[in-house]
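Structure file protein.csv; described as CSV, C-alpha atoms.
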chain,number,residue,atom,x,y,z
F,23,MET,CA,0.0,0.0,0.0
F,24,TYR,CA,1.2,3.5,-0.9
F,25,ASP,CA,1.4,5.4,2.4
F,26,VAL,CA,2.3,9.0,1.5
F,27,GLU,CA,2.5,10.1,5.2
F,28,THR,CA,5.1,7.4,5.9
F,29,ILE,CA,7.0,8.3,2.7
F,30,ARG,CA,7.1,12.0,3.7
F,31,LYS,CA,9.0,11.1,6.9
F,32,ASP,CA,11.8,9.9,4.6
F,33,PHE,CA,12.4,13.5,3.5
F,34,PRO,CA,13.7,15.6,6.3
F,35,ILE,CA,13.3,19.0,4.5
F,36,LEU,CA,9.5,18.5,4.3
F,37,SER,CA,9.2,19.0,8.1
F,38,ARG,CA,10.7,22.5,8.0
F,39,GLU,CA,8.9,25.8,7.8
F,40,VAL,CA,9.3,28.7,5.3
F,41,ASN,CA,8.2,32.2,6.3
F,42,GLY,CA,6.5,30.7,9.4
F,43,LYS,CA,4.5,28.3,7.3
F,44,PRO,CA,4.9,24.6,6.7
F,45,LEU,CA,6.8,24.0,3.6
F,46,VAL,CA,4.7,23.0,0.6
F,47,TYR,CA,7.3,22.0,-2.0
F,48,LEU,CA,5.9,22.1,-5.5
F,49,ASP,CA,9.0,22.8,-7.5
F,50,ASN,CA,9.9,19.1,-8.2
F,51,GLY,CA,10.0,19.7,-11.9
F,52,ALA,CA,13.1,21.8,-11.3
F,53,SER,CA,14.7,19.6,-8.7
F,54,ALA,CA,13.3,17.1,-6.3
F,55,GLN,CA,14.1,16.7,-2.6
F,56,LYS,CA,16.3,13.9,-1.2
F,57,PRO,CA,15.3,11.1,1.1
F,58,ASN,CA,17.4,10.2,4.1
F,59,VAL,CA,18.8,7.1,2.4
F,60,VAL,CA,20.3,9.3,-0.3
F,61,ILE,CA,21.6,11.8,2.2
F,62,ASP,CA,23.1,9.1,4.4
F,63,ALA,CA,24.7,7.3,1.4
F,64,ILE,CA,26.4,10.6,0.4
F,65,THR,CA,27.6,11.3,3.9
F,66,ASN,CA,28.9,7.7,4.4
F,67,ALA,CA,30.7,7.8,1.0
F,68,TYR,CA,32.6,11.0,1.9
F,69,ALA,CA,33.1,10.1,5.6
F,70,HIS,CA,34.2,6.5,5.3
F,71,GLU,CA,34.6,5.2,1.8
F,72,TYR,CA,35.9,8.1,-0.4
F,73,SER,CA,38.6,7.5,-3.0
F,74,ASN,CA,39.0,7.9,-6.7
F,75,VAL,CA,37.6,5.0,-8.8
F,76,HIS,CA,39.2,2.6,-11.2
F,77,ARG,CA,42.8,1.4,-11.1
F,78,GLY,CA,43.5,2.3,-7.5
F,79,LEU,CA,43.9,-1.3,-6.3
F,80,HIS,CA,43.9,-0.3,-2.6
F,81,TYR,CA,40.9,-1.0,-0.4
F,82,LEU,CA,39.1,2.3,-0.5
F,83,SER,CA,39.5,2.6,-4.2
F,84,ASN,CA,38.1,-0.8,-4.7
F,85,VAL,CA,35.1,-0.1,-2.4
F,86,ALA,CA,34.4,3.2,-4.2
F,87,THR,CA,34.8,1.6,-7.6
F,88,GLU,CA,32.4,-1.3,-6.7
F,89,LYS,CA,29.7,1.1,-5.5
F,90,TYR,CA,30.1,3.5,-8.4
F,91,GLU,CA,30.0,0.8,-11.1
F,92,ALA,CA,27.0,-0.9,-9.4
F,93,VAL,CA,25.0,2.2,-10.3
F,94,ARG,CA,25.4,1.4,-14.0
F,95,GLY,CA,23.5,-1.9,-13.4
F,96,THR,CA,20.9,0.0,-11.3
F,97,VAL,CA,20.2,2.4,-14.2
F,98,GLN,CA,20.0,-0.5,-16.6
F,99,ARG,CA,17.3,-2.1,-14.5
F,100,PHE,CA,15.5,1.2,-14.0
F,101,LEU,CA,15.3,1.8,-17.7
F,102,ASN,CA,15.2,-1.9,-18.7
F,103,ALA,CA,18.1,-1.6,-21.0
F,104,ALA,CA,19.5,-4.8,-22.6
F,105,SER,CA,22.9,-4.4,-21.0
F,106,GLU,CA,24.6,-2.2,-18.5
F,107,ASN,CA,27.2,-1.4,-21.1
F,108,GLU,CA,24.5,0.6,-22.9
F,109,ILE,CA,24.5,3.0,-19.9
F,110,VAL,CA,26.9,6.0,-20.1
F,111,MET,CA,27.1,7.9,-16.8
F,112,ASN,CA,27.4,11.6,-16.7
F,113,SER,CA,26.3,14.8,-14.9
F,114,GLY,CA,22.8,14.8,-16.2
F,115,THR,CA,20.6,15.2,-19.3
F,116,THR,CA,22.4,18.3,-20.6
F,117,GLU,CA,25.7,16.5,-20.8
F,118,GLY,CA,24.0,13.4,-22.2
F,119,ILE,CA,22.4,15.2,-25.1
F,120,ASN,CA,25.5,17.2,-25.8
F,121,LEU,CA,27.4,13.8,-26.0
F,122,ILE,CA,25.0,12.7,-28.7
F,123,ALA,CA,25.3,16.0,-30.5
F,124,TYR,CA,29.1,16.0,-30.6
F,125,SER,CA,29.8,12.2,-30.7
F,126,TRP,CA,27.1,10.9,-33.0
F,127,ALA,CA,25.4,13.7,-34.9
F,128,MET,CA,28.3,16.1,-35.7
F,129,PRO,CA,30.4,13.6,-37.6
F,130,ARG,CA,27.5,12.5,-39.8
F,131,MET,CA,25.5,15.6,-40.5
F,132,GLU,CA,26.1,18.2,-43.2
F,133,ALA,CA,24.4,21.4,-44.4
F,134,GLY,CA,20.8,20.9,-45.3
F,135,ASP,CA,20.3,17.8,-43.0
F,136,GLU,CA,17.4,18.1,-40.7
F,137,ILE,CA,16.6,17.4,-37.0
F,138,ILE,CA,13.0,17.3,-35.9
F,139,LEU,CA,12.1,18.9,-32.6
F,140,SER,CA,8.8,19.6,-30.8
F,141,VAL,CA,8.1,23.2,-29.8
F,142,MET,CA,7.9,22.2,-26.1
F,143,GLU,CA,11.5,21.0,-25.9
F,144,HIS,CA,13.7,22.1,-23.0
F,145,HIS,CA,16.7,24.2,-23.9
F,146,ALA,CA,18.9,21.2,-23.1
F,147,ASN,CA,17.3,19.5,-26.1
F,148,ILE,CA,17.5,22.6,-28.3
F,149,VAL,CA,20.8,24.4,-27.8
F,150,PRO,CA,23.1,21.4,-28.8
F,151,TRP,CA,21.2,21.2,-32.1
F,152,HIS,CA,21.5,24.9,-32.6
F,153,PHE,CA,25.3,24.4,-32.4
F,154,LEU,CA,25.0,22.1,-35.4
F,155,ARG,CA,22.7,24.6,-37.2
F,156,GLU,CA,25.3,27.4,-36.6
F,157,ARG,CA,28.4,25.4,-37.3
F,158,GLN,CA,27.3,22.9,-40.0
F,159,GLY,CA,24.2,24.3,-41.6
F,160,VAL,CA,21.9,21.7,-40.1
F,161,LYS,CA,18.2,22.7,-40.3
F,162,LEU,CA,15.9,22.5,-37.3
F,163,VAL,CA,12.3,21.4,-38.1
F,164,TRP,CA,9.7,22.3,-35.5
F,165,VAL,CA,6.5,20.5,-34.7
F,166,ASP,CA,3.8,22.3,-32.8
F,167,VAL,CA,1.5,21.0,-30.0
F,168,ASP,CA,-2.2,21.1,-30.3
F,169,GLU,CA,-4.6,23.4,-28.4
F,170,THR,CA,-4.5,21.2,-25.4
F,171,GLY,CA,-0.7,21.0,-25.3
F,172,GLY,CA,-0.6,17.4,-26.7
F,173,LEU,CA,1.8,16.3,-29.3
F,174,ASP,CA,0.4,14.2,-32.1
F,175,PRO,CA,2.9,11.5,-33.0
F,176,GLN,CA,1.7,11.5,-36.6
F,177,LYS,CA,2.6,15.2,-37.0
F,178,VAL,CA,6.1,14.4,-35.9
F,179,LEU,CA,6.3,11.5,-38.4
F,180,ASP,CA,4.8,13.6,-41.2
F,181,ALA,CA,7.7,16.1,-40.7
F,182,ILE,CA,10.2,13.4,-41.8
F,183,THR,CA,11.8,14.0,-45.2
F,184,PRO,CA,14.7,12.3,-47.0
F,185,LYS,CA,17.0,14.9,-45.3
F,186,THR,CA,15.9,14.0,-41.7
F,187,LYS,CA,18.8,12.6,-39.7
F,188,LEU,CA,17.3,12.6,-36.2
F,189,ILE,CA,14.2,13.2,-34.1
F,190,ALA,CA,14.9,14.6,-30.7
F,191,VAL,CA,11.8,14.8,-28.5
F,192,THR,CA,10.8,15.0,-24.9
F,193,HIS,CA,9.0,12.1,-23.2
F,194,LEU,CA,7.1,14.5,-20.9
F,195,SER,CA,6.9,18.3,-21.1
F,196,ASN,CA,8.4,20.1,-18.1
F,197,VAL,CA,5.8,22.9,-18.5
F,198,LEU,CA,2.6,21.4,-19.8
F,199,GLY,CA,3.0,18.0,-18.2
F,200,SER,CA,2.0,16.4,-21.6
F,201,ARG,CA,3.1,12.8,-22.1
F,202,VAL,CA,4.5,12.1,-25.6
F,203,ASP,CA,3.9,8.8,-27.3
F,204,VAL,CA,7.6,8.2,-28.0
F,205,LYS,CA,7.0,4.5,-28.8
F,206,THR,CA,4.8,5.3,-31.8
F,207,ILE,CA,7.2,8.1,-32.9
F,208,THR,CA,10.2,5.7,-32.7
F,209,ALA,CA,8.5,2.9,-34.6
F,210,GLY,CA,7.4,5.2,-37.4
F,211,ALA,CA,10.8,6.9,-37.5
F,212,HIS,CA,12.7,3.7,-37.6
F,213,ALA,CA,10.5,2.5,-40.5
F,214,LYS,CA,12.0,5.4,-42.4
F,215,GLY,CA,15.6,4.9,-41.1
F,216,VAL,CA,15.6,7.8,-38.7
F,217,PRO,CA,17.0,7.5,-35.1
F,218,VAL,CA,15.2,8.9,-32.1
F,219,LEU,CA,16.6,10.6,-29.0
F,220,VAL,CA,14.3,10.9,-26.1
F,221,ASP,CA,14.7,13.5,-23.3
F,222,GLY,CA,13.5,11.5,-20.3
F,223,SER,CA,14.3,14.1,-17.6
F,224,GLN,CA,10.7,14.6,-16.6
F,225,ALA,CA,9.1,11.3,-17.6
F,226,ALA,CA,11.5,8.9,-15.7
F,227,VAL,CA,10.5,10.3,-12.3
F,228,HIS,CA,6.7,10.1,-12.9
F,229,MET,CA,6.2,6.7,-14.6
F,230,PRO,CA,7.8,3.4,-15.5
F,231,VAL,CA,10.2,3.7,-18.5
F,232,ASP,CA,11.2,0.7,-20.7
F,233,VAL,CA,13.7,1.7,-23.3
F,234,ARG,CA,13.5,-1.7,-25.0
F,235,ASP,CA,9.7,-1.3,-25.3
F,236,ILE,CA,10.0,2.2,-26.6
F,237,GLY,CA,12.7,1.1,-29.0
F,238,CYS,CA,14.5,4.5,-29.0
F,239,ASP,CA,18.2,4.9,-29.8
F,240,PHE,CA,19.0,7.3,-27.0
F,241,TYR,CA,17.3,8.1,-23.6
F,242,ALA,CA,18.6,10.7,-21.2
F,243,ILE,CA,17.9,11.0,-17.5
F,244,THR,CA,19.1,13.4,-14.8
F,245,GLY,CA,19.6,12.5,-11.1
F,246,HIS,CA,18.5,15.6,-9.3
F,247,LYS,CA,14.9,15.2,-10.6
F,248,LEU,CA,15.0,11.6,-9.5
F,249,TYR,CA,15.4,12.3,-5.8
F,250,GLY,CA,19.2,12.0,-6.3
F,251,PRO,CA,22.1,14.4,-6.1
F,252,SER,CA,22.8,17.3,-8.5
F,253,GLY,CA,25.5,16.5,-10.9
F,254,SER,CA,24.4,12.9,-11.4
F,255,GLY,CA,22.7,11.3,-14.4
F,256,ALA,CA,23.0,8.8,-17.3
F,257,ILE,CA,22.1,8.3,-20.9
F,258,TYR,CA,21.0,5.0,-22.5
F,259,ILE,CA,22.7,4.5,-25.9
F,260,ARG,CA,21.8,1.4,-27.8
F,261,ALA,CA,24.9,-0.7,-28.5
F,262,ASP,CA,24.8,-0.3,-32.3
F,263,ARG,CA,24.6,3.5,-31.9
F,264,GLN,CA,27.6,3.4,-29.6
F,265,ALA,CA,29.6,1.8,-32.3
F,266,GLU,CA,28.9,4.7,-34.6
F,267,MET,CA,30.1,7.3,-32.1
F,268,ARG,CA,33.5,9.0,-31.6
F,269,PRO,CA,34.6,10.2,-28.2
F,270,PHE,CA,33.3,13.6,-27.1
F,271,MET,CA,35.8,14.5,-24.3
F,272,GLY,CA,39.4,13.3,-23.9
F,273,GLY,CA,41.1,12.3,-20.7
F,274,GLY,CA,41.5,9.5,-18.2
F,275,ASP,CA,39.3,6.4,-18.3
F,276,MET,CA,38.2,6.8,-21.9
F,277,ILE,CA,41.6,5.6,-23.2
F,278,ARG,CA,43.3,2.3,-23.3
F,279,GLU,CA,46.8,3.4,-24.3
F,280,VAL,CA,48.4,6.8,-25.0
F,281,HIS,CA,51.7,7.3,-26.8
F,282,LYS,CA,53.4,10.3,-28.3
F,283,ASP,CA,52.1,9.4,-31.8
F,284,ALA,CA,49.1,7.2,-31.2
F,285,ILE,CA,46.1,6.6,-29.0
F,286,THR,CA,43.6,3.8,-28.6
F,287,TRP,CA,40.2,4.2,-27.0
F,288,ASN,CA,38.6,2.2,-24.2
F,289,ASP,CA,35.5,0.1,-25.0
F,290,PRO,CA,32.1,1.6,-24.6
F,291,PRO,CA,30.7,2.8,-22.3
F,292,MET,CA,34.0,3.9,-20.8
F,293,LYS,CA,34.9,5.4,-24.2
F,294,PHE,CA,32.5,8.2,-23.4
F,295,GLU,CA,33.3,8.8,-19.8
F,296,ALA,CA,36.4,11.0,-19.6
F,297,GLY,CA,38.1,12.1,-16.3
F,298,THR,CA,37.3,11.6,-12.7
F,299,PRO,CA,33.5,11.2,-12.5
F,300,GLY,CA,31.0,12.4,-10.0
F,301,ILE,CA,31.7,9.4,-7.8
F,302,VAL,CA,29.6,10.2,-4.7
F,303,GLN,CA,26.8,11.9,-6.8
F,304,GLN,CA,26.4,8.7,-8.9
F,305,ILE,CA,26.4,6.5,-5.8
F,306,GLY,CA,23.6,8.8,-4.4
F,307,LEU,CA,21.7,8.4,-7.7
F,308,GLY,CA,21.9,4.6,-7.4
F,309,VAL,CA,20.4,4.8,-3.9
F,310,ALA,CA,17.7,7.1,-5.1
F,311,LEU,CA,16.7,4.8,-8.0
F,312,HIS,CA,16.6,1.9,-5.6
F,313,TYR,CA,14.3,3.9,-3.3
F,314,MET,CA,11.9,4.6,-6.2
F,315,MET,CA,12.0,1.0,-7.5
F,316,ASP,CA,11.3,-0.2,-3.9
F,317,LEU,CA,8.2,2.0,-3.8
F,318,GLY,CA,7.3,0.8,-7.3
F,319,MET,CA,7.2,3.1,-10.3
F,320,ALA,CA,3.7,1.9,-11.2
F,321,ASN,CA,2.6,2.7,-7.6
F,322,ILE,CA,4.2,6.2,-7.8
F,323,ALA,CA,2.5,6.9,-11.2
F,324,ALA,CA,-0.9,5.8,-9.8
F,325,TYR,CA,-0.6,7.9,-6.7
F,326,GLU,CA,0.6,11.0,-8.7
F,327,ASN,CA,-2.2,10.5,-11.2
F,328,THR,CA,-4.7,10.7,-8.4
F,329,LEU,CA,-3.0,13.8,-7.1
F,330,ARG,CA,-3.1,15.3,-10.7
F,331,ASP,CA,-6.8,14.7,-11.0
F,332,TYR,CA,-7.5,16.3,-7.6
F,333,THR,CA,-5.3,19.3,-8.5
F,334,ARG,CA,-7.0,19.7,-11.9
F,335,THR,CA,-10.4,19.7,-10.3
F,336,ARG,CA,-9.4,22.4,-7.8
F,337,LEU,CA,-7.7,24.6,-10.4
F,338,ASP,CA,-10.8,24.3,-12.7
F,339,GLY,CA,-12.7,26.1,-10.0
F,340,LEU,CA,-10.6,29.2,-10.4
F,341,ASN,CA,-12.1,30.9,-13.4
F,342,TRP,CA,-9.5,33.7,-13.3
F,343,LEU,CA,-6.6,31.3,-13.7
F,344,ASN,CA,-5.3,30.3,-17.1
F,345,VAL,CA,-3.8,26.8,-17.1
F,346,GLN,CA,-1.4,26.0,-20.0
F,347,GLY,CA,-1.7,22.4,-21.0
F,348,THR,CA,-5.1,20.8,-20.6
F,349,THR,CA,-4.5,17.5,-22.3
F,350,GLN,CA,-5.9,14.5,-20.3
F,351,ASP,CA,-2.7,12.5,-20.8
F,352,LYS,CA,-0.4,14.5,-18.6
F,353,ALA,CA,1.6,14.2,-15.4
F,354,ALA,CA,1.0,16.2,-12.2
F,355,ILE,CA,2.6,19.4,-13.6
F,356,PHE,CA,0.5,22.6,-13.9
F,357,SER,CA,1.6,25.8,-15.4
F,358,PHE,CA,-0.6,28.9,-15.2
F,359,THR,CA,-1.0,32.6,-15.5
F,360,MET,CA,-3.5,34.8,-13.8
F,361,THR,CA,-5.9,37.3,-15.5
F,362,GLY,CA,-5.1,40.9,-14.6
F,363,ALA,CA,-1.8,42.6,-13.7
F,364,ALA,CA,-0.2,39.8,-11.7
F,365,HIS,CA,3.1,38.6,-13.3
F,366,ALA,CA,4.3,35.1,-12.7
F,367,HIS,CA,7.0,36.4,-10.4
F,368,ASP,CA,4.5,38.3,-8.3
F,369,ILE,CA,2.4,35.2,-7.9
F,370,SER,CA,5.4,33.1,-6.9
F,371,THR,CA,6.4,35.7,-4.3
F,372,VAL,CA,3.0,35.7,-2.7
F,373,LEU,CA,2.8,31.9,-2.7
F,374,ASP,CA,6.2,31.8,-1.1
F,375,LYS,CA,4.9,34.0,1.8
F,376,LYS,CA,2.5,31.1,2.4
F,377,GLY,CA,5.3,28.5,2.4
F,378,VAL,CA,4.4,27.3,-1.1
F,379,ALA,CA,7.4,26.8,-3.4
F,380,VAL,CA,6.7,27.0,-7.1
F,381,ARG,CA,8.8,28.1,-10.1
F,382,ALA,CA,8.2,31.2,-12.1
F,383,GLY,CA,9.7,32.2,-15.5
F,384,GLN,CA,10.2,30.6,-18.9
F,385,HIS,CA,11.3,27.2,-17.5
F,386,CYS,CA,14.0,26.9,-20.2
F,387,VAL,CA,11.4,26.5,-23.0
F,388,GLY,CA,11.7,29.7,-25.0
F,389,PRO,CA,10.0,28.4,-28.2
F,390,LEU,CA,7.1,27.1,-26.2
F,391,MET,CA,6.6,30.4,-24.4
F,392,ASP,CA,6.6,32.1,-27.9
F,393,TYR,CA,4.1,29.6,-29.1
F,394,LEU,CA,1.8,30.1,-26.1
F,395,GLY,CA,2.1,33.8,-26.4
F,396,VAL,CA,3.1,34.4,-22.8
F,397,SER,CA,6.3,35.9,-21.3
F,398,ALA,CA,6.4,33.6,-18.2
F,399,THR,CA,4.2,31.2,-16.2
F,400,CYS,CA,4.1,29.8,-12.7
F,401,ARG,CA,4.5,26.1,-12.4
F,402,ALA,CA,3.4,23.8,-9.7
F,403,SER,CA,5.1,20.4,-10.2
F,404,PHE,CA,4.3,17.5,-7.9
F,405,GLY,CA,6.3,14.6,-6.6
F,406,LEU,CA,5.8,11.3,-4.9
F,407,TYR,CA,5.5,12.9,-1.4
F,408,ASN,CA,3.0,15.7,-2.1
F,409,THR,CA,-0.6,15.5,-0.7
F,410,GLU,CA,-4.1,16.7,-1.4
F,411,ALA,CA,-3.8,18.9,1.7
F,412,GLU,CA,-0.9,20.6,0.0
F,413,VAL,CA,-3.0,21.2,-3.1
F,414,ASP,CA,-5.6,22.9,-0.9
F,415,THR,CA,-2.9,25.1,0.5
F,416,LEU,CA,-1.8,26.0,-3.0
F,417,ILE,CA,-5.4,26.9,-3.9
F,418,ASP,CA,-5.8,29.1,-0.8
F,419,ALA,CA,-2.6,30.9,-1.7
F,420,LEU,CA,-3.7,31.5,-5.3
F,421,GLU,CA,-7.0,32.9,-4.0
F,422,LEU,CA,-5.1,35.3,-1.9
F,423,CYS,CA,-3.1,36.3,-5.0
F,424,HIS,CA,-6.3,37.0,-6.9
F,425,GLU,CA,-7.6,39.2,-4.1
F,426,LEU,CA,-4.3,41.2,-4.1
F,427,PHE,CA,-4.0,41.7,-7.8
F,428,ASP,CA,-7.6,41.7,-9.1

Could you take the file, read its structure, and then write that structure out as structure tokens?
Amino acid sequence: MYDVETIRKDFPILSREVNGKPLVYLDNGASAQKPNVVIDAITNAYAHEYSNVHRGLHYLSNVATEKYEAVRGTVQRFLNAASENEIVMNSGTTEGINLIAYSWAMPRMEAGDEIILSVMEHHANIVPWHFLRERQGVKLVWVDVDETGGLDPQKVLDAITPKTKLIAVTHLSNVLGSRVDVKTITAGAHAKGVPVLVDGSQAAVHMPVDVRDIGCDFYAITGHKLYGPSGSGAIYIRADRQAEMRPFMGGGDMIREVHKDAITWNDPPMKFEAGTPGIVQQIGLGVALHYMMDLGMANIAAYENTLRDYTRTRLDGLNWLNVQGTTQDKAAIFSFTMTGAAHAHDISTVLDKKGVAVRAGQHCVGPLMDYLGVSATCRASFGLYNTEAEVDTLIDALELCHELFD
């Protein structure tokens, strides 16, 4: 049974007050809070087991290496990859997508080649492709969402031309909460010989992910949204795609031999992991993923869907609030503006006085903001520890905003 009150006790920060009010943390889409098991694992690693990994041979190095490398298998199970060698560990989704841009896309794309993106992509899945546009003349092809914020897979597939070399698409919008049918997109794209990269930063924390079922070529996740440490993450790269990639960064671990006039690379995935990694951060990520898997990703999704439905009902009762993204198939992420003079920053400031933490701004989705015709929104994004009582607190705070700015 999913007992949210028991789960909340695992997160020490949730017991604190902000501005004299109990903290209501609704900024999970930006970064989630950490359970005690993750905090304890990080503390233990630094206090009792820290050393650099790989090749140390002494006791502490062996312990650190064993714990660090075990995370690769944990990510494999979390994403249901075929092999742990398909998991490249990194600092998060931004690094993961840049790896694909530099190591896989840059060597095989030329002027006039096309990359298909949805208008609701995060900047982390836009800017690396702009590098290719600026430096190699690659064309970015944009697919819009519908009036509810949903993305029609067929519209993505219809955008494919003989020049299309990649589809890069989010699995779940960080602003609209919209889920994207990446499995249908991948199947249709592969039928036309087009690889698919999926930004799983938001999706992986809200629902089960099975990369073999999706069939995608690349799938990126980031640790700090998964109740793990900042600076942790991984990207799934299918084995055949790894064989097509050159190294992105040079340094230790990604080489086998270095001489004055020659160099040989290590085997994947080490080939794409240069330098001393975020050892303790990755150990913390592994613990966070175990925590989520122990709760059950299907259980988390079911609970959050109930929370989503309750929140949607409460927000629907505020006829002066404009909610962006009304598709039924969405996660518990709600972005909104308010009629009248209140800016998103004003709303966020008032909510903060009531102890409610939300995010205000463009949320790193400039093209989506342009498409929606808004300069900024407030976003309330829920996690596995939020409650209906916290939704009620949010509504009360929003009603206060309306009174102040109406």

Tell me, in Å to one decimal, how far atom CA of F:Ser223 is from atom CA of F:Lys247.
->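 About the pair atom CA of F:Ser223 and atom CA of F:Lys247: they are 7.1 Å apart.
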
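When all atoms listed in the file are used to compute distances to F:Ala265, the closest of the residues F:Glu27, F:Glu91, F:Glu108, F:Asp135 turns out to be F:Glu108.
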
Which of these residues is nearest to F:Leu101, using all atoms listed in the file: F:Pro290, F:Gly253, F:Gly388, F:Gly237?
->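 For F:Leu101, the nearest of the given residues is F:Gly237.
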
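Comparing F:Val60, F:Ser357, F:Cys400, F:Arg334 by their smallest distance to F:Asp414, the closest is F:Arg334 (using all atoms listed in the file).
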
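Across F:Ala225, F:Val372, F:Leu394, F:Ile277, the tightest approach to F:Ala353 is made by F:Ala225 when counting only C-alpha atoms.
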
Could you please give me, as a PDB file with C-alpha atoms, in the frame of the given file, the residues of protein, DNA or RNA lying at most 8 Å from (-13.1, 36.6, -18.5) in the coordinate frame of the file, considering only C-alpha atoms?
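Output contents, as saved in result_14.pdb:
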ATOM      1  CA  ASN F 341     -12.100  30.900 -13.400  1.00  0.00           C
ATOM      2  CA  TRP F 342      -9.500  33.700 -13.300  1.00  0.00           C
ATOM      3  CA  THR F 361      -5.900  37.300 -15.500  1.00  0.00           C
TER       4      THR F 361
END

Quick one, how far is atom CA of F:His367 from atom CA of F:Leu426?
->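 Separation between atom CA of F:His367 and atom CA of F:Leu426: 13.8 Å.
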
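Here the question is which of F:Gly172, F:Tyr24, F:Arg157, F:Glu295 gets nearest to F:Thr328 using only C-alpha atoms, and that residue is F:Tyr24.
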
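Minimum distance to F:Met292 across F:Leu311, F:Gly272, F:Ala411, F:Tyr47 (counting only C-alpha atoms) occurs at F:Gly272.
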